[in-house]
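K.L.:
Before anything else, here's the structure in question.
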Amino acid sequence: MWQALRDELHPKGFELVTVGLDTLGGEGCRTFIEAARPAHPSLIDAHHVLADLFGITNIPMSVWIDENGVIVRPAETAPAPPRAGPPPGVNLPGEMPQRFVEMMTEAAKIRSDAAEYHAALKDWVANGAASEFSLQPHEVVERSRPRNADVALGHAHFQLASALEIDGHHDAAVKHFREAHRLVPDSWTFRRQAWSLETVGDGPFRRFWQGPTPDDPSAWPYHGDWLTDVRAVGAENYNDSWRP
Amino acid sequence: MLLRSLQIPRGEFEAGTGWSLKREGACRGSVCIPLSTQPGEAVDVTEVANDLGMPLVKASRRKLWALGPASTGGHALTSAEAPELCLPDLNGQEFRLSSLRGQKVLIYAWAPY
């Protein structure tokens with residue numbers, strides 16, 4: 001979907017740069033990137049530097065940058081382009097675990113302001129600084145994610161956790177992921193990343209379980225999990241609403 | 001940024017944090033923060049981190065540190081000028097965001113989980 005939009009806008013001086021945020025790096029992202037066969041730069045961000053540099057707190061999110069390297073829209077929810085037809089068939093196993101039925105029920109309630117967002121994107125590509133959606137530098141800074149000393153410290157704990165995980169020190173990593181979650185409670189990526197490393201089985205759901213297993217719920221090392229946390233905030237509030 | 005030593009080359013510090021170390025201090029776009037000592041080619045991370053209010057966390061029993069971002073301005077962005085972003089693609093080839101100057105760019109964050 002993004003590929004088609006990129007191909008449409010590329011001749012007008014636009015480029016898409018996709019960045020996969022995953023501690024497991026290329027190993028985690030490979031099958032998705034190879035299936036998409038992107039013509040645009042497709043990068044791997046193992047330690048979530050996008051969180052440090054731009055204030056990315058969830059996926060999918062975007063940052064718009066003009067021809068001079070000036071950010072004109074800071075990190076915000078970036079819904080997939082609206083579909084022209086019905087969604088493509090999804091290959092789900094015949095029998096879904098109950099947790100997935102519940103997760104998909106919640107996911108269906110997540111807000112998408114795709115029409116407004118993509119109309120604004122096309123307007124900016126066509127009109128540049130004259131577009132009403134291109135923000136002034138002071139607005140860009142003010143609208144970027146709030147960051148205090150605790151948030152900054154949480155980012156450091158997250159990166160340390162990510163590096164410890166890659167080095168094979170999972171238990172040490174969990175401790176720092178927990179600190180990151182405590183200090184940066186509004187980051188979904190910090191939580192989802194950590195939850196995705198508690199794999200369940202070998203099947204297609206192994207990284208998507210994102211919560212305790214029914215067999216041994218007490219082994220779950222985190223305070224929250226995807227289903228509990230999404231229900232706590234309300235799925236309709238999972239994404240910030242589009243703000244022109 | 002992740003560190004295996006607290007004395008690192010200046011270029012590594014600049015690439016890892018997005019702050020350039022200049023005569024007037026550590027700068028991001030037009031925003032500069034004075035430093036207590038003028039850094040040379042090697043940067044004393046502890047000292048510069050202290051000047052910029054960057055948290056430094058050490059892994060226990062390992063020579064591994066993580067340096068968190070500055071929080072001086074109260075926001076994720078200190079300036080609207082985009083920091084350099086240097087990340088590898090699937091083949092390990094480094095890509096620089098600045099190579100796309102002259103085009104409008106949308107950075108899109110996704111994850112496989």
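Quick note on naming: the chains in the structure tokens go A, B, ... in the order shown, residues restart at 1 in each chain, and ligands are numbered from 1 in order of appearance.
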Using only C-alpha atoms, determine which residues lie at most 10 Å from region 81-90 of chain B, disregarding the query and same-chain residues fewer than 3 positions distant; provide the list as a PyMOL selection string.
P.N.:
(chain A and resi 18-20+25-27+29-30+33-34+41-46+49-50+53-54+63-66+68-72+74+137+140-141) or (chain B and resi 14-20+28-31+77-78+93-99)
K.L.:
Write out the residues from the selection above, keeping N, CA and C atoms, as a compact mmCIF listing (two decimals), in the first residue's frame.
P.N.:
# COMPACT_ATOMS: atom_id res chain seq x y z
N THR A 18 11.45 3.61 4.95
CA THR A 18 10.84 2.80 5.99
C THR A 18 11.92 2.32 6.95
N VAL A 19 11.58 2.28 8.23
CA VAL A 19 12.54 1.88 9.25
C VAL A 19 11.89 0.84 10.16
N GLY A 20 12.45 -0.36 10.15
CA GLY A 20 11.95 -1.44 11.00
C GLY A 20 12.61 -1.37 12.36
N GLY A 25 16.89 -7.05 14.78
CA GLY A 25 17.52 -6.52 13.57
C GLY A 25 16.99 -7.13 12.29
N GLY A 26 17.91 -7.35 11.33
CA GLY A 26 17.53 -7.88 10.03
C GLY A 26 16.85 -9.25 10.14
N GLU A 27 17.27 -10.02 11.13
CA GLU A 27 16.68 -11.35 11.33
C GLU A 27 15.17 -11.23 11.60
N CYS A 29 13.24 -8.55 10.77
CA CYS A 29 12.52 -7.79 9.74
C CYS A 29 12.53 -8.45 8.35
N ARG A 30 13.49 -9.38 8.13
CA ARG A 30 13.77 -9.86 6.78
C ARG A 30 12.54 -10.34 6.00
N ILE A 33 10.36 -7.46 4.79
CA ILE A 33 10.97 -6.59 3.77
C ILE A 33 11.09 -7.33 2.45
N GLU A 34 11.47 -8.60 2.51
CA GLU A 34 11.62 -9.35 1.26
C GLU A 34 10.27 -9.52 0.56
N PRO A 41 14.48 3.31 0.21
CA PRO A 41 15.34 2.85 1.30
C PRO A 41 14.51 2.18 2.40
N SER A 42 14.98 1.03 2.83
CA SER A 42 14.29 0.27 3.86
C SER A 42 15.35 -0.10 4.90
N LEU A 43 15.27 0.50 6.08
CA LEU A 43 16.36 0.44 7.04
C LEU A 43 15.99 -0.37 8.28
N ILE A 44 17.02 -0.76 9.03
CA ILE A 44 16.83 -1.56 10.24
C ILE A 44 17.35 -0.75 11.43
N ASP A 45 16.51 -0.61 12.44
CA ASP A 45 16.87 0.17 13.63
C ASP A 45 16.78 -0.74 14.85
N ALA A 46 17.87 -1.46 15.13
CA ALA A 46 17.85 -2.47 16.18
C ALA A 46 17.66 -1.86 17.58
N VAL A 49 16.80 4.00 17.63
CA VAL A 49 17.33 5.37 17.66
C VAL A 49 16.26 6.36 17.21
N LEU A 50 15.24 5.89 16.48
CA LEU A 50 14.15 6.79 16.08
C LEU A 50 13.41 7.34 17.31
N LEU A 53 15.94 10.14 18.53
CA LEU A 53 16.13 11.26 17.61
C LEU A 53 14.85 12.01 17.29
N PHE A 54 13.72 11.28 17.19
CA PHE A 54 12.49 11.93 16.72
C PHE A 54 11.31 11.79 17.70
N VAL A 63 7.55 10.87 10.26
CA VAL A 63 8.12 12.22 10.39
C VAL A 63 8.27 12.74 8.97
N TRP A 64 7.83 13.99 8.73
CA TRP A 64 7.96 14.58 7.39
C TRP A 64 9.12 15.58 7.41
N ILE A 65 9.97 15.47 6.39
CA ILE A 65 11.16 16.33 6.30
C ILE A 65 11.20 16.97 4.91
N ASP A 66 11.44 18.27 4.87
CA ASP A 66 11.40 18.95 3.57
C ASP A 66 12.73 18.83 2.81
N ASN A 68 15.11 20.76 2.39
CA ASN A 68 16.28 21.34 3.05
C ASN A 68 16.68 20.61 4.32
N GLY A 69 16.01 19.48 4.58
CA GLY A 69 16.35 18.74 5.79
C GLY A 69 15.70 19.32 7.03
N VAL A 70 14.61 20.06 6.86
CA VAL A 70 13.89 20.63 8.00
C VAL A 70 12.62 19.82 8.24
N ILE A 71 12.42 19.42 9.49
CA ILE A 71 11.23 18.65 9.84
C ILE A 71 10.02 19.58 9.76
N VAL A 72 8.99 19.15 9.03
CA VAL A 72 7.78 19.98 8.94
C VAL A 72 6.59 19.34 9.66
N PRO A 74 6.43 16.61 13.10
CA PRO A 74 7.14 15.68 13.99
C PRO A 74 6.41 14.33 14.06
N PRO A 137 8.84 25.82 12.17
CA PRO A 137 9.82 25.16 13.05
C PRO A 137 9.45 25.16 14.53
N VAL A 140 6.83 22.61 15.19
CA VAL A 140 7.39 21.25 15.09
C VAL A 140 8.02 20.85 16.42
N VAL A 141 8.82 21.76 17.00
CA VAL A 141 9.48 21.46 18.27
C VAL A 141 8.43 21.31 19.38
N GLU B 14 29.18 12.30 17.83
CA GLU B 14 28.29 13.16 17.04
C GLU B 14 27.27 12.33 16.26
N ALA B 15 27.73 11.23 15.67
CA ALA B 15 26.82 10.37 14.90
C ALA B 15 25.81 9.69 15.81
N GLY B 16 26.28 9.29 17.00
CA GLY B 16 25.41 8.55 17.91
C GLY B 16 24.38 9.42 18.62
N THR B 17 24.70 10.67 18.86
CA THR B 17 23.78 11.52 19.63
C THR B 17 23.07 12.57 18.79
N GLY B 18 23.61 12.87 17.61
CA GLY B 18 23.01 13.92 16.79
C GLY B 18 23.47 15.32 17.20
N TRP B 19 24.36 15.42 18.20
CA TRP B 19 24.88 16.72 18.62
C TRP B 19 26.26 16.91 18.02
N SER B 20 26.52 18.06 17.37
CA SER B 20 27.86 18.33 16.86
C SER B 20 28.62 19.14 17.90
N ARG B 28 22.78 21.50 17.98
CA ARG B 28 21.82 20.78 17.17
C ARG B 28 21.05 21.85 16.43
N GLY B 29 21.19 21.89 15.11
CA GLY B 29 20.63 23.00 14.36
C GLY B 29 21.27 24.27 14.87
N SER B 30 20.46 25.26 15.18
CA SER B 30 21.02 26.54 15.64
C SER B 30 21.10 26.62 17.16
N VAL B 31 20.69 25.52 17.84
CA VAL B 31 20.70 25.52 19.31
C VAL B 31 22.04 24.98 19.81
N LEU B 77 12.35 16.96 20.20
CA LEU B 77 13.12 17.75 19.25
C LEU B 77 13.61 19.03 19.91
N THR B 78 14.87 19.35 19.66
CA THR B 78 15.43 20.60 20.17
C THR B 78 15.33 21.66 19.09
N GLN B 93 24.24 -2.42 4.47
CA GLN B 93 24.72 -1.21 3.80
C GLN B 93 24.21 0.02 4.56
N GLU B 94 25.14 0.90 4.98
CA GLU B 94 24.72 2.09 5.73
C GLU B 94 24.02 3.10 4.82
N PHE B 95 22.96 3.66 5.31
CA PHE B 95 22.22 4.69 4.55
C PHE B 95 22.17 5.95 5.39
N ARG B 96 22.39 7.10 4.74
CA ARG B 96 22.31 8.38 5.44
C ARG B 96 21.11 9.19 4.96
N LEU B 97 20.34 9.65 5.92
CA LEU B 97 19.17 10.47 5.61
C LEU B 97 19.56 11.70 4.79
N SER B 98 20.72 12.28 5.11
CA SER B 98 21.14 13.51 4.43
C SER B 98 21.37 13.30 2.93
N SER B 99 21.50 12.03 2.49
CA SER B 99 21.70 11.77 1.06
C SER B 99 20.42 12.08 0.26
K.L.:
To test your reading of the structure, identify every residue in chain B that backbone DSSP assigns to helix (DSSP H, G or I), and report it as a VMD selection string.
P.N.:
chain B and resid 10 to 17 45 to 52 97 to 100
K.L.:
If you count only C-alpha atoms, which residues fall within 9 Å of Met1 (chain B), apart from same-chain ones fewer than 3 positions away, as a ChimeraX atom specification?
P.N.:
/A:47,49,52,156,159-160 /B:13,16-17,65-69
K.L.:
Export C-alpha atoms of the chosen residues as an mmCIF file, in the first residue's frame?
P.N.:
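Full text of result-v1.cif as output:
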data_model
loop_
_atom_site.group_PDB
_atom_site.id
_atom_site.type_symbol
_atom_site.label_atom_id
_atom_site.label_comp_id
_atom_site.auth_asym_id
_atom_site.auth_seq_id
_atom_site.Cartn_x
_atom_site.Cartn_y
_atom_site.Cartn_z
ATOM 1 C CA HIS A 47 18.087 -0.092 19.139
ATOM 2 C CA VAL A 49 17.331 5.369 17.664
ATOM 3 C CA ASP A 52 15.811 9.123 20.732
ATOM 4 C CA ALA A 156 18.923 4.790 28.029
ATOM 5 C CA GLN A 159 18.855 0.748 24.601
ATOM 6 C CA LEU A 160 20.851 -1.044 27.257
ATOM 7 C CA PHE B 13 29.708 10.766 19.628
ATOM 8 C CA GLY B 16 25.407 8.551 17.912
ATOM 9 C CA THR B 17 23.785 11.521 19.634
ATOM 10 C CA TRP B 65 26.759 1.721 28.742
ATOM 11 C CA ALA B 66 23.750 3.411 27.207
ATOM 12 C CA LEU B 67 23.694 7.168 26.832
ATOM 13 C CA GLY B 68 20.173 8.544 26.726
ATOM 14 C CA PRO B 69 19.071 11.640 24.806
#
K.L.:
With distances taken over only C-alpha atoms, which residue among A:Glu106, A:Glu8, A:Glu132, A:Asp150 lies nearest chain B?
P.N.:
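Comparing A:Glu106, A:Glu8, A:Glu132, A:Asp150 against chain B, the winner is A:Asp150.
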K.L.:
To one decimal in Å, tell me the separation between CA of Ser36 (chain B) and CA of His155 (chain A).
P.N.:
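Separating CA of Ser36 (chain B) from CA of His155 (chain A) is a distance of 24.6 Å.
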K.L.:
When you look at Gln103 (chain B) with a cut-off of 7 Å (counting only C-alpha atoms), what residues show up, excluding the ones that are within fewer than 3 positions of it in the same chain? I need them as a compact mmCIF listing (two decimals) with C-alpha atoms, in the first residue's frame.
P.N.:
# COMPACT_ATOMS: atom_id res chain seq x y z
CA GLY A 13 10.27 14.81 -5.57
CA PHE A 14 9.17 12.57 -2.70
CA GLU A 15 10.91 9.63 -1.10
CA ASP A 66 11.40 18.95 3.57
CA GLU A 67 13.96 19.37 0.75
CA LEU B 100 18.04 12.60 0.27
K.L.:
Can you pull out every residue within 9 Å of Tyr117 (chain A), counting only C-alpha atoms, but drop anything in the same chain fewer than 6 positions away, and send it as an MDAnalysis selection string?
P.N.:
chainID A and resid 77:79 81 242:244
K.L.:
State, in Å with one decimal place, the distance from CA of Glu47 (chain B) to CA of Ala26 (chain B).
P.N.:
12.2 Å
K.L.:
What lies within 9 Å of Pro146 (chain A) using only C-alpha atoms, ignoring chain neighbours under 2 positions off, as a list of chain:residue names?
P.N.:
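Answer for this query is A:Gly55, A:Glu142, A:Arg143, A:Ser144, A:Asn148, A:Val151, B:Ser71, B:Gly74, B:His75, B:Ala76, B:Leu77.
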K.L.:
Would you compute the distance between CA of Lys58 (chain B) and CA of His157 (chain A)? Give it in Å to one decimal.
P.N.:
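CA of Lys58 (chain B) sits 8.9 Å away from CA of His157 (chain A).
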K.L.:
Which residues come within 10 Å of Leu35 (chain B), counting only C-alpha atoms, excluding same-chain residues fewer than 6 positions away, as a list in words?
P.N.:
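Listing them by chain and then by number gives Leu21, Lys22, Arg23, Glu24, Gly25, Ala26, Glu47, Val48, Ala49, Asn50, Asp51 and Leu52 of chain B.
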K.L.:
Could you please write out, as a JSON list (two decimals) with N, CA and C atoms, in the first residue's frame, every residue of chain B that DSSP assigns to strand (DSSP E)?
P.N.:
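Writing the result to result_7.json gives the following:
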[["chain", "number", "residue", "atom", "x", "y", "z"],
["B", 2, "LEU", "N", 24.75, 3.37, 22.38],
["B", 2, "LEU", "CA", 25.42, 2.33, 23.15],
["B", 2, "LEU", "C", 26.92, 2.52, 23.11],
["B", 3, "LEU", "N", 27.57, 2.26, 24.22],
["B", 3, "LEU", "CA", 29.00, 2.51, 24.34],
["B", 3, "LEU", "C", 29.70, 1.32, 24.96],
["B", 7, "GLN", "N", 35.46, 6.76, 26.60],
["B", 7, "GLN", "CA", 36.30, 7.69, 25.83],
["B", 7, "GLN", "C", 36.09, 7.29, 24.37],
["B", 8, "ILE", "N", 35.43, 8.12, 23.60],
["B", 8, "ILE", "CA", 35.15, 7.71, 22.21],
["B", 8, "ILE", "C", 35.54, 8.83, 21.24],
["B", 9, "PRO", "N", 35.81, 8.45, 19.98],
["B", 9, "PRO", "CA", 36.13, 9.47, 18.98],
["B", 9, "PRO", "C", 34.96, 10.45, 18.83],
["B", 20, "SER", "N", 26.52, 18.06, 17.37],
["B", 20, "SER", "CA", 27.86, 18.33, 16.86],
["B", 20, "SER", "C", 28.62, 19.14, 17.90],
["B", 21, "LEU", "N", 29.88, 18.78, 18.07],
["B", 21, "LEU", "CA", 30.71, 19.46, 19.07],
["B", 21, "LEU", "C", 31.51, 20.55, 18.37],
["B", 22, "LYS", "N", 31.18, 21.79, 18.69],
["B", 22, "LYS", "CA", 31.81, 22.94, 18.05],
["B", 22, "LYS", "C", 32.47, 23.82, 19.09],
["B", 25, "GLY", "N", 30.09, 25.10, 21.64],
["B", 25, "GLY", "CA", 29.46, 24.10, 22.49],
["B", 25, "GLY", "C", 28.91, 22.94, 21.69],
["B", 26, "ALA", "N", 27.96, 22.21, 22.30],
["B", 26, "ALA", "CA", 27.32, 21.10, 21.59],
["B", 26, "ALA", "C", 26.09, 21.68, 20.90],
["B", 27, "CYS", "N", 25.98, 21.45, 19.58],
["B", 27, "CYS", "CA", 24.92, 22.10, 18.81],
["B", 27, "CYS", "C", 24.05, 21.11, 18.07],
["B", 28, "ARG", "N", 22.78, 21.50, 17.98],
["B", 28, "ARG", "CA", 21.82, 20.78, 17.17],
["B", 28, "ARG", "C", 21.05, 21.85, 16.43],
["B", 31, "VAL", "N", 20.69, 25.52, 17.84],
["B", 31, "VAL", "CA", 20.70, 25.52, 19.31],
["B", 31, "VAL", "C", 22.04, 24.98, 19.81],
["B", 32, "CYS", "N", 22.77, 25.77, 20.59],
["B", 32, "CYS", "CA", 24.06, 25.33, 21.13],
["B", 32, "CYS", "C", 24.06, 25.40, 22.65],
["B", 33, "ILE", "N", 24.63, 24.38, 23.27],
["B", 33, "ILE", "CA", 24.75, 24.35, 24.73],
["B", 33, "ILE", "C", 26.24, 24.37, 25.06],
["B", 42, "ALA", "N", 39.08, 13.05, 21.06],
["B", 42, "ALA", "CA", 38.45, 12.03, 21.90],
["B", 42, "ALA", "C", 37.48, 12.73, 22.86],
["B", 43, "VAL", "N", 36.33, 12.15, 23.03],
["B", 43, "VAL", "CA", 35.31, 12.76, 23.88],
["B", 43, "VAL", "C", 35.21, 11.99, 25.20],
["B", 44, "ASP", "N", 35.25, 12.73, 26.30],
["B", 44, "ASP", "CA", 34.98, 12.15, 27.61],
["B", 44, "ASP", "C", 33.46, 12.15, 27.79],
["B", 56, "LEU", "N", 23.31, 8.45, 31.71],
["B", 56, "LEU", "CA", 24.25, 7.40, 31.35],
["B", 56, "LEU", "C", 23.96, 6.21, 32.25],
["B", 57, "VAL", "N", 23.63, 5.07, 31.66],
["B", 57, "VAL", "CA", 23.30, 3.88, 32.45],
["B", 57, "VAL", "C", 24.30, 2.78, 32.12],
["B", 58, "LYS", "N", 24.82, 2.12, 33.13],
["B", 58, "LYS", "CA", 25.80, 1.05, 32.92],
["B", 58, "LYS", "C", 25.17, -0.31, 33.18],
["B", 65, "TRP", "N", 27.54, 0.60, 28.25],
["B", 65, "TRP", "CA", 26.76, 1.72, 28.74],
["B", 65, "TRP", "C", 25.75, 2.14, 27.68],
["B", 66, "ALA", "N", 24.67, 2.76, 28.14],
["B", 66, "ALA", "CA", 23.75, 3.41, 27.21],
["B", 66, "ALA", "C", 23.64, 4.87, 27.61],
["B", 67, "LEU", "N", 23.81, 5.73, 26.62],
["B", 67, "LEU", "CA", 23.69, 7.17, 26.83],
["B", 67, "LEU", "C", 22.34, 7.61, 26.28],
["B", 86, "CYS", "N", 21.62, 7.56, 10.47],
["B", 86, "CYS", "CA", 22.49, 6.66, 9.74],
["B", 86, "CYS", "C", 22.18, 5.24, 10.21],
["B", 87, "LEU", "N", 21.53, 4.47, 9.34],
["B", 87, "LEU", "CA", 21.12, 3.11, 9.71],
["B", 87, "LEU", "C", 21.41, 2.16, 8.55],
["B", 88, "PRO", "N", 21.60, 0.88, 8.86],
["B", 88, "PRO", "CA", 21.86, -0.10, 7.80],
["B", 88, "PRO", "C", 20.57, -0.60, 7.15],
["B", 94, "GLU", "N", 25.14, 0.90, 4.98],
["B", 94, "GLU", "CA", 24.72, 2.09, 5.73],
["B", 94, "GLU", "C", 24.02, 3.10, 4.82],
["B", 95, "PHE", "N", 22.96, 3.66, 5.31],
["B", 95, "PHE", "CA", 22.22, 4.69, 4.55],
["B", 95, "PHE", "C", 22.17, 5.95, 5.39],
["B", 96, "ARG", "N", 22.39, 7.10, 4.74],
["B", 96, "ARG", "CA", 22.31, 8.38, 5.44],
["B", 96, "ARG", "C", 21.11, 9.19, 4.96],
["B", 104, "LYS", "N", 11.49, 15.68, -0.73],
["B", 104, "LYS", "CA", 10.67, 15.58, 0.48],
["B", 104, "LYS", "C", 10.77, 14.14, 0.96],
["B", 105, "VAL", "N", 10.88, 13.97, 2.27],
["B", 105, "VAL", "CA", 11.07, 12.62, 2.82],
["B", 105, "VAL", "C", 10.04, 12.32, 3.89],
["B", 106, "LEU", "N", 9.50, 11.12, 3.83],
["B", 106, "LEU", "CA", 8.65, 10.64, 4.91],
["B", 106, "LEU", "C", 9.37, 9.45, 5.55],
["B", 107, "ILE", "N", 9.73, 9.60, 6.81],
["B", 107, "ILE", "CA", 10.31, 8.48, 7.55],
["B", 107, "ILE", "C", 9.15, 7.73, 8.18],
["B", 108, "TYR", "N", 9.11, 6.44, 7.90],
["B", 108, "TYR", "CA", 7.99, 5.62, 8.35],
["B", 108, "TYR", "C", 8.50, 4.52, 9.28],
["B", 109, "ALA", "N", 8.08, 4.58, 10.55],
["B", 109, "ALA", "CA", 8.50, 3.59, 11.54],
["B", 109, "ALA", "C", 7.48, 2.44, 11.57],
["B", 110, "TRP", "N", 8.01, 1.20, 11.45],
["B", 110, "TRP", "CA", 7.15, 0.02, 11.54],
["B", 110, "TRP", "C", 7.89, -1.03, 12.37]]
K.L.:
Taking into account only C-alpha atoms, which residue in the set B:Leu6, B:Arg62, B:Pro55, B:Glu12 is nearest to chain A?
P.N.:
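Comparing B:Leu6, B:Arg62, B:Pro55, B:Glu12 against chain A, the winner is B:Pro55.
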